[in-house]
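> Provided herewith is a single structure, encoded as structure tokens, for subsequent inquiry.
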Amino acid sequence: MIKKEDLKRYANLLMFDMDEDEYDTLEKEFKTILKQMDHIAEIKDIEKVEPMTFPFLNDDATLREDEVGAYLTVGEVLDNAKEEVDDQVKVPKVVDEDV
Amino acid sequence: MYKAKSIKELRKLLDDKKVTKEELFEESTSLAKKYQEDYNSFVTILDKFKSKDSDSILDGIPYSLKDSFSTSNILTTASSNILKDYIPVYDATVYKKLKKAGATLIGKTTLDELAMGGTGTTAATGIVRNPYDKERLIGGSSAGAASSVALGITPFAIGSDTGDSVRKPASHGGIVGFKPTYGRISRYGLFAFASSLDHVGILTRNVEDAAIVTDVLKGKDENDMTTLKTDRTEYASHLEDSIKGKKLFYIKEICNLEEYPKQSTELKETLSDFKILLDKCRELGFIVEEVSIDKKLLEAIYPTYMTISCAEATSNNSNLTGIQFGPRPKADNVDDLMFKARTKGFSELIKRRFILGSYILQKENQEKLFLNAGRVRRIIVDKINKLFEEYDAMILPASGGPAPKIEGTTEEVTDDEVVLENHLAIANFGGMPSITIPFTIVNGLPVGVNITCKAKEDCKTLNIAHEIEKVTGLKDIYKEVD
């Protein structure tokens, strides 16, 4: 059984938080979906099946060679950044000054 | 004056110089503005007419793009606060192709936040309403795309479909929603939701228009390695191919009323009208047969879809950090910045979906949840593909009735999920071409029928749908509102 504290831990791992009542809704939702997943596990011979990760094998899908080319200018890359310095996105300091 | 006309009708008016491209743009944008307050179809309505000349059939034809397609220098929010001021610097391939064809973009349409919803009620800019009844939803996630086409604003809109996001709103809006084969149309520049299920989709008011737009958009794209080799067949010129003797199947466990413990009048009427449609299909020359599929397998469609889509979405959206783009809160350090940006930027529903996805992907849960969902996906797809060895297409009601009321609708996962509302995801599991067209009116509201074929048989799908459209009496319908 999943606990609210576990859900909070998962949320924090994903770098966000929710309100208490939102965790309550999620806890309820989890119970339902885990019950449904239990039913899935009961499908006959499921363990013998190879999991499907793409709709079908696409023989046309090939990896092309990497090619160096100009796609975006520095200016375009920085267009949406809120702060920039020396052609780079500026973020709050990462390393403590004392280190 | 040119409202609700088809692509071909507009093409003729343009060629005969009875209207200019600019006049079509002006009329579409003024209709979009007029209906915006009541229906909320758009995030952005463009002000300036811009179009390149081309000899394509789409030259000068107005259209809209779902706000999750990248459009350089045009705000693209995916209806989420975390992207509320994001202006892309590159074009999605579909936008690039439509620009080259001379089609005129009139605006970006509202979606369920980050395309992760099926009701059209979760956009950061508010609820999208159904033109047939403002108290009802239009469905999602391509909600604004569907409502704008149902209102007659443009002849076509581009959406995306991960579980049914084009084909379900098409049913609720009385229009056509087509999701071609996985890889038929490039997804480069479409914000990813669940990459193994995401498709570009097209919304129109008739099957021919869907074929015309697909012909322009399809093709191999070196920016999307999942695209298929370009199919040189022109789908729009095969719509009148003979369907005599083509075999359709429907699934007993989905279409028989006795399967449902809660039998609303709308459900009864929908299933009864569906059987009438099957008889009309027989009269057209189709062979229609009933098949039976283990109900347990059909009931597994929804949890399988939730498991795969949430897991993939959690990973795909990890780039939304508030650093490179999006609103940036005041913060002491980078972690704090991301935490605040994501807490504030995502709505509750999105967070719940991400947590579910993260849980599914935890090492200890992968076998029972994520891998089992992949296994069920294969079992279902194999089952349907086996049937396609004998049959040309699967035909099913696209939903159990007309659009539900907005009040009382929730995006919470409950025990009430019924197969009839979730089976469209089969075509996403297997990448199959799948189309919804309106087939009946229940309680004054439209309901769609869905036709799905084997992967890569897009031409056949459109051909069959075009034939069935002839007997529905609902081709080219739209809702006239004040």
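Identifiers in this document derive from the order of the structure tokens: chains are assigned A, B, ..., residues are numbered from 1 separately in each chain, and ligands are numbered from 1 in order of occurrence.
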Show which residues sit within 7 Å of segment 69-82 of chain A, as a list in words. Count only C-alpha atoms, and ignore same-chain residues fewer than 4 positions away.

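Selected residues are Asp87 and Val89 of chain A; Tyr86, Ile87, Val89, Ile323, Gln324, Phe325 and Arg328 of chain B.
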
> From the DSSP assignment of the backbone, select every residue of segment 88-134 of chain B that is alpha helix (DSSP H), and format the answer as a ChimeraX atom specification.

/B:93-100

> Could you pull the residues within 12 Å of Tyr23 of chain A, counting only C-alpha atoms, minus those fewer than 3 positions along the same chain, as a VMD selection string?

(chain A and resid 2 to 11 17 to 20 26 to 30) or (chain B and resid 348 to 349 351 to 353 355 to 356)

> The selected residues should be written to file as an mmCIF file, in the first residue's frame (atoms: N, CA and C atoms).


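Full text of selection_38.cif as output:
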data_model
loop_
_atom_site.group_PDB
_atom_site.id
_atom_site.type_symbol
_atom_site.label_atom_id
_atom_site.label_comp_id
_atom_site.auth_asym_id
_atom_site.auth_seq_id
_atom_site.Cartn_x
_atom_site.Cartn_y
_atom_site.Cartn_z
ATOM 1 N N ILE A 2 0.575 2.156 -0.892
ATOM 2 C CA ILE A 2 1.392 3.371 -0.988
ATOM 3 C C ILE A 2 0.938 4.418 0.037
ATOM 4 N N LYS A 3 1.932 5.071 0.665
ATOM 5 C CA LYS A 3 1.593 6.071 1.694
ATOM 6 C C LYS A 3 1.800 7.474 1.149
ATOM 7 N N LYS A 4 1.141 8.417 1.807
ATOM 8 C CA LYS A 4 1.234 9.805 1.396
ATOM 9 C C LYS A 4 2.685 10.305 1.431
ATOM 10 N N GLU A 5 3.433 9.844 2.444
ATOM 11 C CA GLU A 5 4.841 10.279 2.558
ATOM 12 C C GLU A 5 5.639 9.833 1.333
ATOM 13 N N ASP A 6 5.322 8.621 0.837
ATOM 14 C CA ASP A 6 6.018 8.130 -0.365
ATOM 15 C C ASP A 6 5.711 9.037 -1.554
ATOM 16 N N LEU A 7 4.433 9.418 -1.649
ATOM 17 C CA LEU A 7 4.030 10.264 -2.773
ATOM 18 C C LEU A 7 4.757 11.605 -2.714
ATOM 19 N N LYS A 8 4.912 12.128 -1.493
ATOM 20 C CA LYS A 8 5.625 13.408 -1.336
ATOM 21 C C LYS A 8 7.081 13.247 -1.766
ATOM 22 N N ARG A 9 7.643 12.103 -1.406
ATOM 23 C CA ARG A 9 9.047 11.861 -1.775
ATOM 24 C C ARG A 9 9.184 11.810 -3.306
ATOM 25 N N TYR A 10 8.245 11.123 -3.959
ATOM 26 C CA TYR A 10 8.306 11.055 -5.428
ATOM 27 C C TYR A 10 8.156 12.453 -6.043
ATOM 28 N N ALA A 11 7.243 13.244 -5.471
ATOM 29 C CA ALA A 11 7.039 14.609 -5.989
ATOM 30 C C ALA A 11 8.327 15.417 -5.838
ATOM 31 N N ASP A 17 6.247 20.318 -5.520
ATOM 32 C CA ASP A 17 5.442 19.926 -4.361
ATOM 33 C C ASP A 17 3.970 20.156 -4.695
ATOM 34 N N MET A 18 3.073 19.582 -3.856
ATOM 35 C CA MET A 18 1.637 19.795 -4.041
ATOM 36 C C MET A 18 1.020 20.136 -2.697
ATOM 37 N N ASP A 19 -0.245 20.577 -2.728
ATOM 38 C CA ASP A 19 -0.966 20.839 -1.477
ATOM 39 C C ASP A 19 -1.420 19.510 -0.880
ATOM 40 N N GLU A 20 -1.726 19.562 0.434
ATOM 41 C CA GLU A 20 -2.154 18.343 1.145
ATOM 42 C C GLU A 20 -3.358 17.668 0.480
ATOM 43 N N LEU A 26 -4.463 12.147 -5.027
ATOM 44 C CA LEU A 26 -3.507 11.251 -5.686
ATOM 45 C C LEU A 26 -3.471 9.882 -5.005
ATOM 46 N N GLU A 27 -3.550 9.909 -3.677
ATOM 47 C CA GLU A 27 -3.525 8.645 -2.930
ATOM 48 C C GLU A 27 -4.702 7.770 -3.351
ATOM 49 N N LYS A 28 -5.856 8.414 -3.484
ATOM 50 C CA LYS A 28 -7.069 7.702 -3.904
ATOM 51 C C LYS A 28 -6.885 7.145 -5.329
ATOM 52 N N GLU A 29 -6.340 7.991 -6.183
ATOM 53 C CA GLU A 29 -6.122 7.615 -7.576
ATOM 54 C C GLU A 29 -5.159 6.422 -7.679
ATOM 55 N N PHE A 30 -4.135 6.445 -6.845
ATOM 56 C CA PHE A 30 -3.143 5.371 -6.838
ATOM 57 C C PHE A 30 -3.775 4.027 -6.499
ATOM 58 N N GLU B 348 -2.278 20.839 -10.884
ATOM 59 C CA GLU B 348 -2.373 19.650 -10.031
ATOM 60 C C GLU B 348 -2.440 18.361 -10.859
ATOM 61 N N LEU B 349 -3.254 18.380 -11.906
ATOM 62 C CA LEU B 349 -3.422 17.163 -12.708
ATOM 63 C C LEU B 349 -2.084 16.693 -13.278
ATOM 64 N N LYS B 351 0.896 17.313 -12.201
ATOM 65 C CA LYS B 351 1.770 16.793 -11.137
ATOM 66 C C LYS B 351 1.372 15.373 -10.756
ATOM 67 N N ARG B 352 0.070 15.142 -10.671
ATOM 68 C CA ARG B 352 -0.374 13.781 -10.301
ATOM 69 C C ARG B 352 0.067 12.779 -11.361
ATOM 70 N N ARG B 353 -0.034 13.166 -12.630
ATOM 71 C CA ARG B 353 0.380 12.260 -13.709
ATOM 72 C C ARG B 353 1.888 11.991 -13.649
ATOM 73 N N ILE B 355 3.854 12.120 -11.004
ATOM 74 C CA ILE B 355 4.189 11.274 -9.842
ATOM 75 C C ILE B 355 3.863 9.814 -10.163
ATOM 76 N N LEU B 356 2.716 9.621 -10.799
ATOM 77 C CA LEU B 356 2.351 8.264 -11.205
ATOM 78 C C LEU B 356 3.427 7.696 -12.133
#

> Should the cut-off be 6 Å, what would the residue list for chain A against chain B look like, counting only C-alpha atoms, as a list of chain:residue names?

A:Ala11, A:Met15, A:Phe16, A:Asp17, A:Glu29, A:Val49, A:Glu50, A:Pro51, A:Met52, A:Phe54, A:Pro55, A:Asp60, A:Ala61, A:Asn80, A:Ala81, A:Pro92, A:Lys93

> Would you kindly return, as a list of chain:residue names, each protein, DNA or RNA residue with an atom no farther than 6 Å from any atom of segment 468-482 of chain B, considering only C-alpha atoms and excluding same-chain residues fewer than 6 positions away?

B:Ala150, B:Leu151, B:Gly152, B:Arg205, B:Asn206, B:Phe439

> Based on the selection just made, write all heavy atoms of those residues as a compact mmCIF listing (two decimals), in the first residue's frame.


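File produced: selection-v1.txt:
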# COMPACT_ATOMS: atom_id res chain seq x y z
N ALA B 150 -15.55 22.81 -35.60
CA ALA B 150 -16.99 22.61 -35.43
C ALA B 150 -17.76 23.93 -35.53
O ALA B 150 -18.93 23.95 -35.91
CB ALA B 150 -17.28 21.94 -34.09
N LEU B 151 -17.08 25.03 -35.21
CA LEU B 151 -17.72 26.35 -35.32
C LEU B 151 -17.62 26.92 -36.73
O LEU B 151 -18.17 27.99 -37.02
CB LEU B 151 -17.05 27.33 -34.34
CG LEU B 151 -17.41 27.19 -32.85
CD1 LEU B 151 -16.40 27.90 -31.97
CD2 LEU B 151 -18.82 27.71 -32.59
N GLY B 152 -16.88 26.23 -37.59
CA GLY B 152 -16.77 26.68 -38.98
C GLY B 152 -15.71 27.75 -39.19
O GLY B 152 -15.67 28.40 -40.24
N ARG B 205 -14.01 18.92 -41.66
CA ARG B 205 -15.46 18.65 -41.63
C ARG B 205 -15.88 17.59 -42.65
O ARG B 205 -17.05 17.29 -42.79
CB ARG B 205 -16.24 19.96 -41.85
CG ARG B 205 -16.23 20.87 -40.61
CD ARG B 205 -17.09 22.10 -40.83
NE ARG B 205 -16.53 22.95 -41.85
CZ ARG B 205 -15.61 23.90 -41.66
NH1 ARG B 205 -15.20 24.14 -40.44
NH2 ARG B 205 -15.14 24.60 -42.66
N ASN B 206 -14.92 17.07 -43.40
CA ASN B 206 -15.22 15.95 -44.30
C ASN B 206 -13.96 15.14 -44.55
O ASN B 206 -12.84 15.62 -44.31
CB ASN B 206 -15.85 16.45 -45.61
CG ASN B 206 -14.89 17.34 -46.38
OD1 ASN B 206 -13.86 16.86 -46.85
ND2 ASN B 206 -15.20 18.61 -46.48
N PHE B 439 -21.64 10.20 -37.10
CA PHE B 439 -22.57 9.23 -37.72
C PHE B 439 -24.00 9.35 -37.23
O PHE B 439 -24.92 8.87 -37.88
CB PHE B 439 -22.08 7.79 -37.54
CG PHE B 439 -22.47 7.12 -36.24
CD1 PHE B 439 -23.55 6.25 -36.19
CD2 PHE B 439 -21.75 7.34 -35.08
CE1 PHE B 439 -23.92 5.62 -34.99
CE2 PHE B 439 -22.11 6.72 -33.89
CZ PHE B 439 -23.19 5.86 -33.84
